[in-house]
Structure formats: structure tokens, C-alpha cells
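Below is one structure; the comments refer to it alone.
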Amino acid sequence: MMHGPLLVVSTFEKGRGGGHLVRSLVLIRSLRSLKQEAYLHIPALASQDVPRLLRMAQEERLEGSWLIEERELMRTWACIILDRFSTDPEIFAQYTALAPLIGIDEGGPRRKRFDFLIDLLPGPAGRLPPNILSPSLLPLPEHRRPSFVLPRKQALKVLVSFGAEDPGDLTLPVCLALQVPGQTALTALFGRLNQTDAKEARRASLEAAGIRVREGMAELREHLASYDLVLTHFGLTAFESLAARVPVLLLSPGAYHEKLAVQAGFISGGIGEKGARRLRSLLFTPDPQNRTSLLLNEKALRALGDRCEEIRERYGLKPEQTSGYPNRASGPANAVFGLPNRVSGYPNGASGLPNRVSGYQNTTSGYPNGVSGYPNEGNGPPNGAQALSGKGLSSPVHGLSALLASYTLRVPRSCPVCGGTGPAEDPVCGRFPDRTYRRCRRCGMVYLLRTSLPPIEYEKEYFFSFYKQQYGKTYLEDLPHLVQYGKKRLRYAKPLVWSARRARGEDPSQSPARLLDIGCAYGPFLLAAREEGFLPFGMDPAEDAVRYVQEELHIPACRGFFPETPVPEGFGSEGFDLISLWYVVEHFEQPAAVLAELYRLLKPGGVLAFSSPSGSGISGRRSFSGFLERSPPDHWTVWSPGRTGRILRSFGFRLKTLVISGHHPERFPGVGRFLGTGAGRKSGLAYGLVLWISRIFHLGDTFEVYAVKEPAGREPAVRKSAGGICKND
């Protein structure tokens with residue numbers, strides 16, 4: 001459950017239709033049914049619009065205090081949800097200063113700046129992909145037909161509905177085009193915002209033609225199953241009809257809607273009155289016994305049902321379906337209608353990667369008005385497709401509300417390393433269902449925004465079952481190799497440690513150098529350090545690992561999360577000569593606080609050594625989006641060798657040595673697939689050549705850092721790119 005109230009901001013502007021507002025009202029009611037506090041705000045709401053708004057809220061059975069005025073905005077919000085079609089930059093800036101922003105079907109220039117994007121409807125091809133695309137999150141109808149097969153014992157019952165406004169004035173021409181005595185029985189639905197001067201004249205024309213006219217319809221989605229065919233434009237009603245298994249044909253008020261309709265795979269007659277006439281020719285065929293009469297085209301209706309079933313499956317609108325993330329595959333062109341089935345689609349964002357290492361959590365710096373850190377609980381939102389579907393009059397809960405209510409957002413106000421710029425100013429460089437990545441414009445760090453905390457799994461299971469799956473042996477079975485690798489790392493660190501001790505006037509022969517290994521696991525680096533003459537101490541969150549270090553290796557160690565867990569007094573108060581963090585630094589949610597504490601714990605000239613995956617290695621260069629998607633869900637930052645020196649300088653460290661490691665020629669695009677991963681191929685000439693290229697251009701997927709603590713107040717000299725000597729390993 002999200003802690004704190006949610007604010008839903010909707011549009012109520014003429015020409016934007018009423019779908020956004022109705023959807024927002026339903027969302028608020030649904031959230032409240034889940035005991036989640038939620039309110040509505042409409043920017044610059046005109047006084048003459050208030051009665052209509054209240055009437056619509058009453059029709060949606062929204063009760064109590066739910067409308068927020070401008071003067072009430074400056075309060076604590078857990079997050080703000082914008083459902084406005086297109087958000088103006090000024091409005092965006094106003095809300096982003098208050099709380100994290102989630103955009104619903106956002107199509108404006110600020111789309112790329114939102115913390116999280118949820119598309120309930122597929123957008124135009126080429127649009128920046130959202131975190132989630134899933135029409136199954138809509139409040140879908142509970143009442144459904146058994147199939148798209150149409151009954152033919154009586155006239156076809158047709159509903160014509162073009163939204164709350166009908167901006168293209170399509171209702172009258174469509175009804176007149178499809179009114180064929182004995183073949184169709186039409187109902188024209190006038191939307192609740194359709195208040196044009198010509199409305200009454202159009203209504204009279206429809207009634208004179210024998211067409212039933214209705215004024216609005218609350219919970220329209222629950223009435224769709226009583227019809228055989230729905231005529232509408234691209235929007236909510238079209239997808240609700242698919243969920244209800246009612247065949248749907250589209251007619252577009254303009255080119256934008258038509259583009260969306262065709263890309264999503266719908267059958268559309270086209271645009272305006274000309275499109276209405278085309279629908280007539282598509283649906284009807286001359287009666288062979290009476291050429292002046294028309295009959296419904298049975299073949300076309302069957303093809304329409306097949307097409308609707310394809311779209312329904314593609315977008316996860318079947319109650320038993322749990323995909324929710326449509327793929328790019330498009331169905332075959334419909335031979336009867338002759339229209340291509342082009343689908344824009346978004347790639348499946350779910351990475352499916354296991355969470356291998358638990359994070360070292362810290363509080364998230366929040367937003368003004370008291371939001372000073374999001375609660376540290378919740379193991380993640382449900383998949384959009386797994387959320388509730390098809391809840392109607394009996395229950396207002398639907399997938400979107402369940403998803404939003406499950407969030408416990410982890411959204412830093414600015415770059416967690418350097419403080420960076422204001423909220424949402426850093427560009428987004430990756431979106432996936434449960435997370436977003438931004439790149440700081442000041443320091444270049446890529447950092448993570450999550451909808452909730454990742455599950456913590458850094459326990460015994462990781463070191464045995466999962467580790468064995470990756471490396472063919474358990475962590476303890478691999479311990480001798482890891483100890484030797486630790487000694488290799490100490491070859492870079494020891495000269496720096498001895499140099500600092502001599503500068504402080506210490507005699508290494510009188511007392512060993514003190515070492516703290518954070519994230520020590522089962523102690524291979526601690527064991528290597530002891531064999532090399534260090535006095536080692538360890539810290540790790542895994543209870544079994546700490547017990548092993550204490551009881552089997554007889555090395556002092558404590559269980560805890562750094563820096564929240566204080567370093568035990570028994571480790572010594574005089575500071576450490578060397579602090580190491582091997583593949584740990586990326587797990588800190590707030591690395592600035594970590595680096596500051598590391599600086600405090602080190603002696604003057606003390607050495608900071610750590611390793612991390614590299615965002616600028618061959619995997620990141622080949623596909624940075626793919627690299628982020630495969631990144632473990634608790635890697636809060638993505639480090640790169642070229643930026644590390646500058647970042648460390650700002651915290652009082654001087655980078656001495658970079659070691660580029662993790663070279664993988666088989667990951668090189670084009671040639672990698674010919675190199676393979678077998679031992680034999682790794683020794684071949686081609687493999688060696690690509691490995692040489694990887695080393696020369698520092699394209700390894702991991703790297704190690706060896707830096708020293710500068711004296712307080714001393715400004716270190718600016719160094720080249722990497723900030724130190726660059727070596728390969």
C-alpha cells in the first residue's frame with residue numbers, strides 16, 4: 001500500500017473528450033475501495049464546469065471529499081498521477097516539485113521526463129516506450145459475451161458511441177449510413193459533454209429515422225455485452241468492447257485517431273463522413289434476390305470477429321491471460337477488409353532476471369512538505385497483466401488501481417551521488433515495468449528509480465544454488481580460487497597502503513595494517529588479506545556467511561548493512577588503512593552517504609578499493625538499454641570508469657589505479673557469435689585478437705578502483721579522463 005495520499009490530475013478541456021476525466025473518477029473510486037487515499041485536481045477549473053464535474057462524479061458514485069483546489073496543492077503527496085493526454089511544461093514543473101510523477105497515456109513533450117509511464121492504450125509508432133503498456137489494467141467489463149460470433153436470428157444490435165464529446169460529429173452520419181431496415185437496430189449514445197448547439201437537431205434527425213437515442217450511460221462498459229456490434233473511435237470504448245467480446249469497428253475524427261487505430265490492428269472505415277460511407281460498403285452486400293436491398297456481409301462479420309479476437313489476445317484482455325505486455329508480432333492482413341494489421345507494440349519489458357544480491361538500503365531523499373523518505377517495505381508491484389481484470393458494478397477495483405496502490409515508490413529527488421539538478425531534470429535512459437533509469441546531467445551517473453524495493457535474497461541460497469548455476473560450483477567450493485584472486489587485487493592495494501603508512505610515520509613491522517571488507521561474504525578476500533599480513537575485519541548482511549567467517553576462518557566479522565550498521569568498537573576506533581567493497585558499491589541506494597562515511601573511517605592516505613559492473617563496457621556499448629534491462633533489480637547506480645575519478649574527487653579521494661576486467665570477446669557484436677564460449681574457442685587466434693582489442697580500448701564489462709584519501713581541505717589535481725593509471729586484468 002502506498003503511504004500517503006495520491007493526487008490524480010485530469011483534463012477537462014473542451015475538445016479533449018471525456019474519457020480522461022471519467023477514467024480519473026473511476027480510478028479515484030477504485031483506489032478508495034482499496035483503502036488508498038486519493039483525490040482529483042483539475043488545473044484552472046472554471047466555475048461553470050463545476051456542476052458538470054459534480055454530476056459526472058455522482059454518476060460514477062464518487063462520494064465524500066475528493067476535489068482538491070489550487071490552494072490545497074501544497075501538501076504531502078505520495079505521488080501525483082497525470083492523466084491529461086498532453087501535459088504542458090508549466091503544469092509539469094508545478095507538479096514535479098511536489099512529488100514523484102506517473103503519467104497515464106501521456107503524449108506531450110514532457111513524456112520523456114516522467115518518473116514512470118503507464119500506457120493503458122497503445123500509442124503511435126516511434127513514441128518513447130513506457131514502463132508498462134497494458135490495456136488489461138483498464139477497468140474492464142465484468143459482463144462479457146461468450147464469443148465474438150454474432151447471432152443471426154434477428155437484426156444486428158449496434159451501439160454507436162463516440163465518447164463524451166464526439167469531437168468529429170460522427171454519430172449522425174454513421175447512424176444514417178448503417179441504418180438498414182431489418183438488418184440493424186441502432187442505438188446512438190450522446191456523450192455527457194456533447195453540448196453543441198446542433199445537438200437537438202441531430203437528435204431529432206436520428207429519432208425521425210427510427211434510431212434509438214440515449215443520453216449518456218454510466219458504467220458504459222457493463223452495457224456493451226448487450227450489443228452485437230460497437231461503432232466508436234480509437235479509445236477506451238474500443239478496448240472495453242474487445243474485453244466484452246463484442247465486435248468493434250472504428251471511425252476516426254481525424255488523422256491521429258486513424259493512425260492509432262490502424263497501428264493497433266483495428267478495422268477502421270477511415271476518417272469522417274467518407275469513412276462512414278465506407279463502413280456501409282464493408283458491412284453490407286446487395287441482396288442477390290433484390291438488388292435494391294442490402295444484407296449484412298456474413299463473411300466480413302466473421303472476419304471482423306477473428307480480427308477482434310486477435311487484438312484481444314495481443315493486448316492481454318482475456319481474463320485467463322497473464323501476458324499483459326504485447327509483443328511486436330502482428331496478425332495477418334484481413335483479406336475481406338483488405339486492411340493491413342500493423343501494430344506499433346512495445347517490447348516486453350519484464351526482464352525475468354533473478355535478484356542475486358540484496359541491496360544495502362538507505363533512505364531516499366524526498367520531496368518538500370514532509371515527504372522525506374519513502375517507507376522501506378513492499379516487495380514489488382504485481383505485473384500489470386496479473387492485476388484484477390473485469391471488475392464491474394459489483395466491485396470498483398481494477399488493475400490500474402491495484403497496481404498503483406501496491407507501489408512504495410523509491411524516487412530520489414535528485415542524483416544520489418552529486419545532488420545534481422531538480423526533480424525530473426535528468427534525462428531518462430531506460431524504462432522497464434518496475435523501474436526507470438536517469439542519467440545525471442552534472443556527474444553522468446546513471447541511477448535507478450523503482451516502484452518498490454527489490455526483494456532481499458542475499459543469503460545462503462545465493463552462495464550455493466544460484467552461484468553453482470552460474471559457475472558450476474558453490475561459493476565455498478570456489479573459495480581457493482577467490483582467495484588467489486583476492487591476493488591479485490592486493491598487489492594493487494598494498495603499495496598504496498605502505499606508502500600512506502610511511503607518510504604517517506608508522507612502522508609496518510610494529511603493527512599490521514587494518515582492513516575492513518564490506519560485503520565480505522564467506523571471507524575469501526579477508527583470508528587473502530590475512531595471509532598477506534593485514535589485520536582483517538568483515539561486514540556482511542548474510543547471517544550464514546558472517547558465522548562462517550567468525551567460526552571457520554576465525555576472523556572478526558559483524559552482520560549488518562553499511563552504513564546504517566555502525567562498525568563495532570572492537571574493530572578499532574583509530575580507522576582503517578584499507579576498506580574494500582567488491583561488487584557492492586552499486587547496491588547502495590544513497591552512495592553519497594556511503595562515500596562520506598568511507599572517507600571518515602579511513603586513515604589519512606588510506607586506500608578505498610572497490611569493483612563494479614561497467615556501463616561503458618562492451619555490453620553497455622552494444623545495447624545500453626539491454627544492459628539496463630539485464631541489470632539486477634537492486635543495482636541502484638551504474639558506474640563507468642571514465643567518470644569514477646571525478647566523482648571520487650568530489651568526496652575527497654584521489655584515484656590512483658583503474659583495472660579494467662571482465663573482458664568478453666564473445667559479446668562483441670557481429671564477430672562474437674563466431675567465437676563461442678567453449679574452452680577450445682577461447683584459445684583460438686580470432687578470440688585472442690578480439691580480446692586484445694577489448695583490452696586496448698578498455699571494453700571490459702567490469703572494473704576495479706584503487707583510490708586514496710586526500711587530506712581534508714586539500715583540492716586534488718584534475719587528472720585525465722579516468723583519473724589515474726588504467727590497466728587491464
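As shown in the C-alpha cells, the chain order sets the letters A, B, ...; within each chain, residues go from 1, and ligands are also counted from 1 in the order they appear.
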
Taking 4 positions as the minimum chain separation for residues in the same chain, which residues sit within 12 Å of Val8 of chain A when counting only C-alpha atoms? Answer as a ChimeraX atom specification. /A:20-29,31,37-43,66-68,73,77-84,95,99,101-104,401,404

Using only C-alpha atoms, which protein or nucleic acid residues come within 9 Å of Cys429 of chain A? Drop anything in the same chain fewer than 5 positions from it, and give the result as a ChimeraX atom specification. /A:436-439,446,624-625,628

Include N, CA and C atoms and write out the residues we just selected as a PDB file, in the first residue's frame.
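result_10.pdb written:
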ATOM      1  N   THR A 436      12.875   2.766 -13.555  1.00  0.00           N
ATOM      2  CA  THR A 436      13.291   3.763 -14.541  1.00  0.00           C
ATOM      3  C   THR A 436      14.722   4.158 -14.220  1.00  0.00           C
ATOM      4  N   TYR A 437      15.512   4.433 -15.254  1.00  0.00           N
ATOM      5  CA  TYR A 437      16.887   4.889 -15.068  1.00  0.00           C
ATOM      6  C   TYR A 437      17.029   6.315 -15.595  1.00  0.00           C
ATOM      7  N   ARG A 438      17.702   7.154 -14.812  1.00  0.00           N
ATOM      8  CA  ARG A 438      18.052   8.507 -15.252  1.00  0.00           C
ATOM      9  C   ARG A 438      19.568   8.651 -15.280  1.00  0.00           C
ATOM     10  N   ARG A 439      20.032   9.574 -16.115  1.00  0.00           N
ATOM     11  CA  ARG A 439      21.464   9.896 -16.161  1.00  0.00           C
ATOM     12  C   ARG A 439      21.643  11.332 -15.676  1.00  0.00           C
ATOM     13  N   VAL A 446      24.402   7.100 -13.827  1.00  0.00           N
ATOM     14  CA  VAL A 446      23.090   6.532 -14.136  1.00  0.00           C
ATOM     15  C   VAL A 446      22.536   5.954 -12.844  1.00  0.00           C
ATOM     16  N   PHE A 624      22.822  -0.323 -24.592  1.00  0.00           N
ATOM     17  CA  PHE A 624      22.732   0.167 -23.232  1.00  0.00           C
ATOM     18  C   PHE A 624      21.369  -0.166 -22.630  1.00  0.00           C
ATOM     19  N   SER A 625      20.331  -0.123 -23.451  1.00  0.00           N
ATOM     20  CA  SER A 625      19.001  -0.485 -22.963  1.00  0.00           C
ATOM     21  C   SER A 625      18.969  -1.945 -22.520  1.00  0.00           C
ATOM     22  N   LEU A 628      20.815  -2.319 -19.218  1.00  0.00           N
ATOM     23  CA  LEU A 628      19.998  -1.903 -18.076  1.00  0.00           C
ATOM     24  C   LEU A 628      18.909  -2.919 -17.775  1.00  0.00           C
TER      25      LEU A 628
END

Atomic separation - atom CA of Phe534 of chain A relative to atom CA of Gly486 of chain A, Å: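 Between atom CA of Gly486 of chain A and atom CA of Phe534 of chain A the gap is 12.5 Å.
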
In segment 532-586 of chain A, DSSP helix (DSSP H, G or I) residues written as JSON, numbers by chain: {"A": [543, 544, 545, 546, 547, 548, 549, 550, 551, 569, 570, 571, 585, 586]}

Take the residues from that selection and put them in a file with N, CA, C and O atoms, as a CSV table (one decimal), in the first residue's frame.
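Saved as again.csv:
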chain,number,residue,atom,x,y,z
A,543,GLU,N,23.7,-13.8,7.4
A,543,GLU,CA,24.0,-14.4,8.7
A,543,GLU,C,24.9,-15.6,8.6
A,543,GLU,O,25.8,-15.7,9.3
A,544,ASP,N,24.6,-16.5,7.6
A,544,ASP,CA,25.3,-17.7,7.5
A,544,ASP,C,26.8,-17.4,7.1
A,544,ASP,O,27.7,-18.0,7.6
A,545,ALA,N,27.0,-16.4,6.2
A,545,ALA,CA,28.3,-16.0,5.8
A,545,ALA,C,29.1,-15.4,6.9
A,545,ALA,O,30.3,-15.8,7.1
A,546,VAL,N,28.5,-14.6,7.7
A,546,VAL,CA,29.2,-14.0,8.9
A,546,VAL,C,29.6,-15.0,9.9
A,546,VAL,O,30.7,-15.0,10.4
A,547,ARG,N,28.7,-16.0,10.1
A,547,ARG,CA,29.0,-17.1,11.0
A,547,ARG,C,30.2,-17.9,10.6
A,547,ARG,O,31.1,-18.3,11.3
A,548,TYR,N,30.3,-18.2,9.3
A,548,TYR,CA,31.4,-18.9,8.7
A,548,TYR,C,32.7,-18.2,8.9
A,548,TYR,O,33.7,-18.8,9.3
A,549,VAL,N,32.7,-16.9,8.6
A,549,VAL,CA,33.9,-16.1,8.8
A,549,VAL,C,34.4,-16.1,10.2
A,549,VAL,O,35.6,-16.3,10.5
A,550,GLN,N,33.4,-16.0,11.2
A,550,GLN,CA,33.8,-16.0,12.6
A,550,GLN,C,34.3,-17.3,13.1
A,550,GLN,O,35.3,-17.4,13.8
A,551,GLU,N,33.5,-18.4,12.7
A,551,GLU,CA,33.8,-19.7,13.3
A,551,GLU,C,34.8,-20.5,12.6
A,551,GLU,O,35.5,-21.3,13.2
A,569,GLU,N,33.0,-1.4,17.9
A,569,GLU,CA,34.1,-0.8,18.6
A,569,GLU,C,35.3,-1.7,18.6
A,569,GLU,O,36.5,-1.3,18.6
A,570,GLY,N,35.0,-3.0,18.6
A,570,GLY,CA,36.1,-4.0,18.7
A,570,GLY,C,36.9,-4.0,17.5
A,570,GLY,O,38.0,-4.6,17.5
A,571,PHE,N,36.5,-3.4,16.4
A,571,PHE,CA,37.3,-3.3,15.2
A,571,PHE,C,38.3,-2.3,15.3
A,571,PHE,O,39.2,-2.2,14.4
A,585,VAL,N,29.3,-1.5,-4.2
A,585,VAL,CA,29.0,-0.1,-4.3
A,585,VAL,C,27.8,0.2,-5.1
A,585,VAL,O,27.0,1.1,-4.8
A,586,GLU,N,27.5,-0.6,-6.1
A,586,GLU,CA,26.3,-0.4,-6.9
A,586,GLU,C,25.0,-0.7,-6.2
A,586,GLU,O,23.9,-0.4,-6.7

Could you tell me which of A:Leu476, A:Ala177, A:Cys418, A:Ala264 comes closest to Pro122 of chain A if we count only C-alpha atoms? A:Ala264

Counting only C-alpha atoms, the option among A:Arg245, A:His554, A:Lys259, A:Lys709 closest to Leu317 of chain A: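 Smallest distance to Leu317 of chain A is found for A:Arg245.
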
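Remark: for Tyr687 of chain A, the closest of the candidate residues A:Glu258, A:Gly270, A:Val160, A:Pro665 is A:Pro665 (distances computed over only C-alpha atoms).
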
Can you list, as a PyMOL selection string, every residue of segment 462-540 of chain A that DSSP puts in strand (DSSP E)? chain A and resi 514-518+535-540

So which one's closest to Pro541 of chain A, A:Ile579, A:Val584, A:Ala44, A:Pro89? Using only C-alpha atoms, please.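 Checking each of A:Ile579, A:Val584, A:Ala44, A:Pro89 against Pro541 of chain A, counting only C-alpha atoms, the winner is A:Val584.
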
I'd like the neighbourhood of Cys558 of chain A as JSON, numbers by chain, where a residue qualifies if any of its atoms comes within 7 Å (using only C-alpha atoms), though same-chain residues fewer than 4 positions away should be ignored. {"A": [538, 539, 540, 546]}

Output C-alpha atoms for every residue in the selection just made, as an mmCIF file, in the first residue's frame.
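Output contents, as saved in selection37.cif:
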data_model
loop_
_atom_site.group_PDB
_atom_site.id
_atom_site.type_symbol
_atom_site.label_atom_id
_atom_site.label_comp_id
_atom_site.auth_asym_id
_atom_site.auth_seq_id
_atom_site.Cartn_x
_atom_site.Cartn_y
_atom_site.Cartn_z
ATOM 1 C CA GLY A 538 34.446 -8.137 7.741
ATOM 2 C CA MET A 539 30.847 -6.973 7.441
ATOM 3 C CA ASP A 540 28.001 -8.645 5.546
ATOM 4 C CA VAL A 546 29.234 -13.971 8.864
#

With a distance cut-off of 7 Å and only C-alpha atoms, select the neighbouring residues of Leu516 of chain A, excluding the residue or stretch itself and same-chain residues fewer than 3 positions from it, and output the selection as a list of chain:residue names.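 With the cut-off at 7 Å, the set is A:Pro536, A:Phe537, A:Gly538, A:Phe576, A:Leu578, A:Ile579, A:Ser580.
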
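As for atom CA of Val659 of chain A and atom CA of Glu704 of chain A, they are spaced 4.9 Å apart.
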
Nearest to Leu648 of chain A, chosen from A:Gly700, A:Pro591, A:Gly191, A:Pro135, with only C-alpha atoms counted in the distances: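 Once distances to Leu648 of chain A are computed over only C-alpha atoms, the minimum belongs to A:Pro591.
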
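Straight-line separation from atom CA of Asp105 of chain A to atom CA of Ser252 of chain A: 18.6 Å.
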
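Take the candidates A:Gln470, A:Ser86, A:Ser226, A:Thr187 and check each one against Leu172 of chain A using only C-alpha atoms; the shortest distance goes to A:Thr187.
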